[in-house]
Amino acid sequence: MPQKKSSKKSVVILTINCGSSSVKYSLFNWKNHEVMAEGIVERIGIKGSLIRHQVPHRREHVKHEVVPDHHEAIKEIIHTLLDKKVGVIQSLSVITAVGHRVVHGGEHFTKSVLVDGPEGKVVKTFRNLSTLAPLHNPNNILGIISAMDILPRIPHIAIMDTAFLHTMPKHTFLYAGPYEWYSKYGIRKYGFHGTSHLYVSRRVAALLGKKPSDVNLITCHIGNGVSFTAIKNGEAYEHSMGFTPLEGLIMGTRSGDIDPAIVSYISEMELVRSERVITILNKESGLKGITGEYVDRRDIFQASLEGNERCKLAIEMEVHRMKKYIGSYIAALGRIDAMAFTAGAGEKAWWLREKALDNMENLGIILDKELNRKAVSKNHEFLISKEASPIKIFVIPTNEELVMVEDVVAIVEGRYDIHTKFTYSFEDVNYVDNMREEAYKRELKIKKMKKG
């Protein structure tokens, strides 16, 4: 549909991201294009629950509070936003709409959608999809219902983590099991981290001075969860995660790719149900399983420097898996213009990027090691390839919340469309995130003071 020009009149968007025991939130002023506040409620339903609340140019506010469930968590968020000392709004009437992250939209939702009530068709569909994402969708639903109860008079919009990846063709998203598994039960590759891959891919296209439809690239989201996406002509073509987020790269606690026969074998050898084996592969494997104790790559890197052999092995295994995916995606795409690293470790672990891209010159990937080591920030975009590199390499701090906000605003204003036909503000070659750049300047100033 044709897009109308946004008026950006006093539109304030609250975004909510419900995890199993946490709720992340942000409040965004669309008119000024800036974050008003953001934070997280941690340890919901667990002893020691608290809220961390951050407002730009203020000290972080931390409050320990009993938070038994997600409904109370969202009430605590609202209370904090309204608080006279640490809050940023005087009335709930300031909030225009709420955007909710939903991990799994199945094949039903290929773009963000207006929620038609707590018991409407949209929420019912999310309930039906909970078998595909049992660790995520139930909590996303709790967040939607709770927020609609507390803020009933404004629009609530669901942003699907899987939406960007719906452009994958059938020959890349199907598994080679009986076709009936797909037609009856929806067994296929769905992929995740879609909003992150969308943001990063659009930023890379802008930095290259090209339209998204003219760009082939590989986006590498490396956090506790890890996913790589092969993007062809601006659209997702292949993706490392699968039916669940367990498939693919080695992650913090997830194994990534394994021989599926291992599940039944360990079940028999350890005398446990297959569900227990899957839990181990999700929560006790990956970097944690290899090292025996570490999940954070900073700890693993430091321990490896101190001679810890299992940490050295974990790094070698993770880097090897990354190389395999990068190489296979280049082969599948035929050519790529660029690749980009994002998320916690993707943005800050220079050594991991250096190892993952080592000895790839024959593929057209030539890393500038000096630039790479300087590219350590969540507030600035970096080009880290050598000038002669045919494939450009970027570090792009992700901004999933901005994707959520822009989808919400566009739906409220009646100008939203599927991402292949929708233009985001951050696609503009002249786009600058002023708040992040100010934060980056402060980082540089602090580094200079420490050196001096």
# chains A, B, ... in the order shown; residues from 1 in each chain; ligands from 1

$ residues_around --residues "Gly45 (chain A)" --least-positions-apart "5" --cutoff "8 Å" --atoms "only C-alpha atoms" --output "ChimeraX atom specification"
/A:21,66-69

$ select_by_dssp --residues "region 161-361 of chain A" --states "alpha helix (DSSP H)" --output "MDAnalysis selection string"
chainID A and resid 170:173 179:185 194:207 261:270 274:283 286:291 297:305 309:333 343:348 350:356

$ write_last_selection --atoms "C-alpha atoms" --output "compact mmCIF listing (two decimals), in the first residue's frame"
# COMPACT_ATOMS: atom_id res chain seq x y z
CA LYS A 170 10.48 -23.55 0.58
CA HIS A 171 13.66 -25.35 -0.50
CA THR A 172 15.60 -23.62 2.31
CA PHE A 173 13.00 -23.77 5.12
CA TYR A 179 6.38 -33.94 3.82
CA GLU A 180 3.31 -34.66 5.96
CA TRP A 181 5.23 -33.43 9.00
CA TYR A 182 5.13 -30.00 7.42
CA SER A 183 1.58 -30.13 6.05
CA LYS A 184 0.09 -31.61 9.26
CA TYR A 185 2.22 -30.14 12.05
CA GLY A 194 14.12 -11.40 12.91
CA THR A 195 13.80 -7.79 14.07
CA SER A 196 17.55 -7.66 14.71
CA HIS A 197 18.43 -9.05 11.27
CA LEU A 198 15.96 -6.64 9.65
CA TYR A 199 17.47 -3.60 11.37
CA VAL A 200 21.07 -4.56 10.67
CA SER A 201 20.48 -5.49 7.04
CA ARG A 202 18.72 -2.18 6.33
CA ARG A 203 21.52 -0.24 8.00
CA VAL A 204 24.16 -2.04 5.95
CA ALA A 205 22.29 -1.24 2.73
CA ALA A 206 22.15 2.43 3.78
CA LEU A 207 25.87 2.50 4.58
CA ALA A 261 20.09 -39.68 16.95
CA ILE A 262 22.04 -38.42 19.97
CA VAL A 263 18.75 -37.59 21.70
CA SER A 264 17.48 -41.19 21.82
CA TYR A 265 20.95 -42.55 22.55
CA ILE A 266 21.53 -40.34 25.60
CA SER A 267 17.94 -41.02 26.70
CA GLU A 268 18.71 -44.74 26.78
CA MET A 269 22.20 -44.43 28.29
CA GLU A 270 21.20 -41.97 31.03
CA SER A 274 13.87 -37.38 25.62
CA GLU A 275 12.38 -34.15 26.98
CA ARG A 276 15.17 -34.07 29.58
CA VAL A 277 17.80 -34.47 26.86
CA ILE A 278 16.29 -31.56 24.91
CA THR A 279 16.37 -29.46 28.09
CA ILE A 280 20.06 -30.29 28.50
CA LEU A 281 20.74 -29.31 24.88
CA ASN A 282 18.92 -25.99 25.45
CA LYS A 283 20.15 -25.02 28.90
CA GLY A 286 26.88 -24.87 24.11
CA LEU A 287 29.71 -22.85 25.65
CA LYS A 288 28.55 -23.79 29.15
CA GLY A 289 28.62 -27.48 28.31
CA ILE A 290 32.05 -27.37 26.68
CA THR A 291 33.77 -25.24 29.35
CA ARG A 297 32.54 -15.09 26.31
CA ARG A 298 34.57 -12.51 28.25
CA ASP A 299 35.14 -15.10 30.97
CA ILE A 300 35.94 -17.77 28.39
CA PHE A 301 38.46 -15.56 26.59
CA GLN A 302 40.20 -14.56 29.82
CA ALA A 303 40.35 -18.17 31.03
CA SER A 304 41.77 -19.26 27.66
CA LEU A 305 44.57 -16.70 28.02
CA GLU A 309 42.20 -25.92 27.75
CA ARG A 310 38.43 -26.40 27.70
CA CYS A 311 37.93 -22.67 27.17
CA LYS A 312 40.42 -22.76 24.32
CA LEU A 313 38.46 -25.69 22.87
CA ALA A 314 35.14 -23.85 23.23
CA ILE A 315 36.52 -20.88 21.26
CA GLU A 316 37.91 -23.16 18.54
CA MET A 317 34.61 -25.03 18.24
CA GLU A 318 32.49 -21.87 18.11
CA VAL A 319 34.74 -20.20 15.54
CA HIS A 320 34.82 -23.34 13.39
CA ARG A 321 31.01 -23.48 13.32
CA MET A 322 30.85 -19.79 12.37
CA LYS A 323 33.27 -20.32 9.49
CA LYS A 324 31.18 -23.22 8.19
CA TYR A 325 28.03 -21.09 8.13
CA ILE A 326 29.71 -18.07 6.55
CA GLY A 327 31.26 -20.21 3.82
CA SER A 328 28.05 -22.10 3.08
CA TYR A 329 26.04 -18.86 2.91
CA ILE A 330 28.48 -17.31 0.44
CA ALA A 331 28.09 -20.43 -1.70
CA ALA A 332 24.29 -20.34 -1.43
CA LEU A 333 24.03 -16.62 -2.28
CA ALA A 343 24.32 -8.16 19.44
CA GLY A 344 26.41 -8.33 22.62
CA ALA A 345 29.44 -10.36 21.54
CA GLY A 346 29.05 -9.44 17.88
CA GLU A 347 29.40 -5.78 18.84
CA LYS A 348 32.12 -6.06 21.48
CA TRP A 350 36.75 -8.10 18.67
CA TRP A 351 38.81 -11.25 19.21
CA LEU A 352 35.87 -13.49 18.26
CA ARG A 353 35.31 -11.56 15.02
CA GLU A 354 39.03 -11.72 14.26
CA LYS A 355 39.16 -15.49 14.75
CA ALA A 356 35.94 -16.12 12.81

$ closest_residue --among "A:Arg373, A:Phe341, A:Val295, A:Arg52" --to "His221 (chain A)" --atoms "only C-alpha atoms"
A:Phe341

$ closest_atom_pairs --of "region 242-319 of chain A" --to "region 103-107 of chain A" --cutoff "12 Å" --atoms "only C-alpha atoms" --output "CSV"
residue,atom,partner,partner_atom,distance
A:Gly242,CA,A:His104,CA,11.7
A:Phe243,CA,A:Gly106,CA,9.7
A:Thr244,CA,A:His104,CA,9.3
A:Pro245,CA,A:Val103,CA,10.1

$ write_last_selection --atoms "C-alpha atoms" --output "CSV table (one decimal), in the first residue's frame"
chain,number,residue,atom,x,y,z
A,242,GLY,CA,15.3,-23.7,12.8
A,243,PHE,CA,12.0,-25.1,14.1
A,244,THR,CA,13.2,-23.8,17.4
A,245,PRO,CA,16.1,-21.6,18.4

$ residues_around --residues "region 422-427 of chain A" --least-positions-apart "2" --cutoff "10 Å" --atoms "only C-alpha atoms" --output "PyMOL selection string"
chain A and resi 1-3+199-207+209-212+402-403+406-407+410+415-420+429-433

$ residues_around --residues "region 22-38 of chain A" --least-positions-apart "4" --cutoff "7 Å" --atoms "only C-alpha atoms" --output "list of chain:residue names"
A:Lys8, A:Lys9, A:Ser10, A:Val11, A:Val12, A:Ile13, A:Leu14, A:Thr15, A:Ile16, A:Asn17, A:Cys18, A:Glu42, A:Arg43, A:Ile44, A:His53, A:Gln54, A:Val55, A:Pro56, A:Val88

$ decode --residues "region 311-395 of chain A" --atoms "C-alpha atoms" --output "mmCIF file, in the first residue's frame"
data_model
loop_
_atom_site.group_PDB
_atom_site.id
_atom_site.type_symbol
_atom_site.label_atom_id
_atom_site.label_comp_id
_atom_site.auth_asym_id
_atom_site.auth_seq_id
_atom_site.Cartn_x
_atom_site.Cartn_y
_atom_site.Cartn_z
ATOM 1 C CA CYS A 311 37.925 -22.670 27.171
ATOM 2 C CA LYS A 312 40.425 -22.764 24.317
ATOM 3 C CA LEU A 313 38.462 -25.692 22.875
ATOM 4 C CA ALA A 314 35.142 -23.846 23.233
ATOM 5 C CA ILE A 315 36.519 -20.883 21.257
ATOM 6 C CA GLU A 316 37.909 -23.161 18.539
ATOM 7 C CA MET A 317 34.605 -25.026 18.244
ATOM 8 C CA GLU A 318 32.491 -21.866 18.112
ATOM 9 C CA VAL A 319 34.738 -20.200 15.539
ATOM 10 C CA HIS A 320 34.816 -23.342 13.387
ATOM 11 C CA ARG A 321 31.014 -23.481 13.323
ATOM 12 C CA MET A 322 30.849 -19.795 12.371
ATOM 13 C CA LYS A 323 33.274 -20.324 9.488
ATOM 14 C CA LYS A 324 31.176 -23.221 8.192
ATOM 15 C CA TYR A 325 28.028 -21.091 8.126
ATOM 16 C CA ILE A 326 29.707 -18.073 6.551
ATOM 17 C CA GLY A 327 31.258 -20.206 3.822
ATOM 18 C CA SER A 328 28.051 -22.099 3.083
ATOM 19 C CA TYR A 329 26.044 -18.863 2.907
ATOM 20 C CA ILE A 330 28.480 -17.306 0.444
ATOM 21 C CA ALA A 331 28.089 -20.432 -1.699
ATOM 22 C CA ALA A 332 24.290 -20.337 -1.428
ATOM 23 C CA LEU A 333 24.029 -16.623 -2.283
ATOM 24 C CA GLY A 334 26.573 -16.745 -5.103
ATOM 25 C CA ARG A 335 27.944 -13.334 -4.197
ATOM 26 C CA ILE A 336 27.739 -11.057 -1.187
ATOM 27 C CA ASP A 337 28.320 -7.338 -0.861
ATOM 28 C CA ALA A 338 28.888 -7.254 2.874
ATOM 29 C CA MET A 339 28.564 -8.964 6.210
ATOM 30 C CA ALA A 340 27.730 -7.475 9.605
ATOM 31 C CA PHE A 341 28.189 -8.427 13.244
ATOM 32 C CA THR A 342 25.675 -7.431 15.900
ATOM 33 C CA ALA A 343 24.321 -8.157 19.436
ATOM 34 C CA GLY A 344 26.411 -8.332 22.621
ATOM 35 C CA ALA A 345 29.438 -10.364 21.540
ATOM 36 C CA GLY A 346 29.050 -9.443 17.884
ATOM 37 C CA GLU A 347 29.401 -5.784 18.837
ATOM 38 C CA LYS A 348 32.117 -6.065 21.482
ATOM 39 C CA ALA A 349 34.134 -9.293 21.189
ATOM 40 C CA TRP A 350 36.747 -8.096 18.670
ATOM 41 C CA TRP A 351 38.807 -11.250 19.205
ATOM 42 C CA LEU A 352 35.866 -13.488 18.261
ATOM 43 C CA ARG A 353 35.308 -11.564 15.019
ATOM 44 C CA GLU A 354 39.030 -11.724 14.265
ATOM 45 C CA LYS A 355 39.162 -15.491 14.746
ATOM 46 C CA ALA A 356 35.944 -16.118 12.811
ATOM 47 C CA LEU A 357 37.227 -14.182 9.777
ATOM 48 C CA ASP A 358 40.812 -15.388 9.887
ATOM 49 C CA ASN A 359 42.159 -16.815 6.603
ATOM 50 C CA MET A 360 39.100 -15.860 4.551
ATOM 51 C CA GLU A 361 40.892 -13.623 2.068
ATOM 52 C CA ASN A 362 40.293 -16.132 -0.736
ATOM 53 C CA LEU A 363 36.558 -15.671 -0.185
ATOM 54 C CA GLY A 364 36.885 -11.896 -0.525
ATOM 55 C CA ILE A 365 36.748 -11.161 3.209
ATOM 56 C CA ILE A 366 39.751 -9.054 4.269
ATOM 57 C CA LEU A 367 39.583 -7.859 7.866
ATOM 58 C CA ASP A 368 41.486 -4.798 9.045
ATOM 59 C CA LYS A 369 42.652 -6.072 12.432
ATOM 60 C CA GLU A 370 43.499 -2.623 13.762
ATOM 61 C CA LEU A 371 40.048 -1.215 12.912
ATOM 62 C CA ASN A 372 38.426 -4.369 14.279
ATOM 63 C CA ARG A 373 40.099 -4.021 17.676
ATOM 64 C CA LYS A 374 38.869 -0.435 17.959
ATOM 65 C CA ALA A 375 35.296 -1.405 17.074
ATOM 66 C CA VAL A 376 33.981 -2.125 20.563
ATOM 67 C CA SER A 377 30.777 -0.229 21.331
ATOM 68 C CA LYS A 378 27.013 -0.655 21.367
ATOM 69 C CA ASN A 379 26.631 2.994 20.367
ATOM 70 C CA HIS A 380 28.507 3.318 17.073
ATOM 71 C CA GLU A 381 28.626 1.690 13.638
ATOM 72 C CA PHE A 382 32.017 0.603 12.320
ATOM 73 C CA LEU A 383 33.520 -0.473 9.002
ATOM 74 C CA ILE A 384 36.244 -3.005 9.885
ATOM 75 C CA SER A 385 37.300 -4.369 6.476
ATOM 76 C CA LYS A 386 40.333 -3.209 4.539
ATOM 77 C CA GLU A 387 39.711 -0.836 1.664
ATOM 78 C CA ALA A 388 40.704 -3.554 -0.813
ATOM 79 C CA SER A 389 38.231 -6.085 0.616
ATOM 80 C CA PRO A 390 35.624 -7.035 -2.043
ATOM 81 C CA ILE A 391 33.223 -7.889 0.796
ATOM 82 C CA LYS A 392 32.730 -5.069 3.289
ATOM 83 C CA ILE A 393 32.591 -5.964 6.978
ATOM 84 C CA PHE A 394 30.537 -3.918 9.447
ATOM 85 C CA VAL A 395 29.782 -3.875 13.150
#
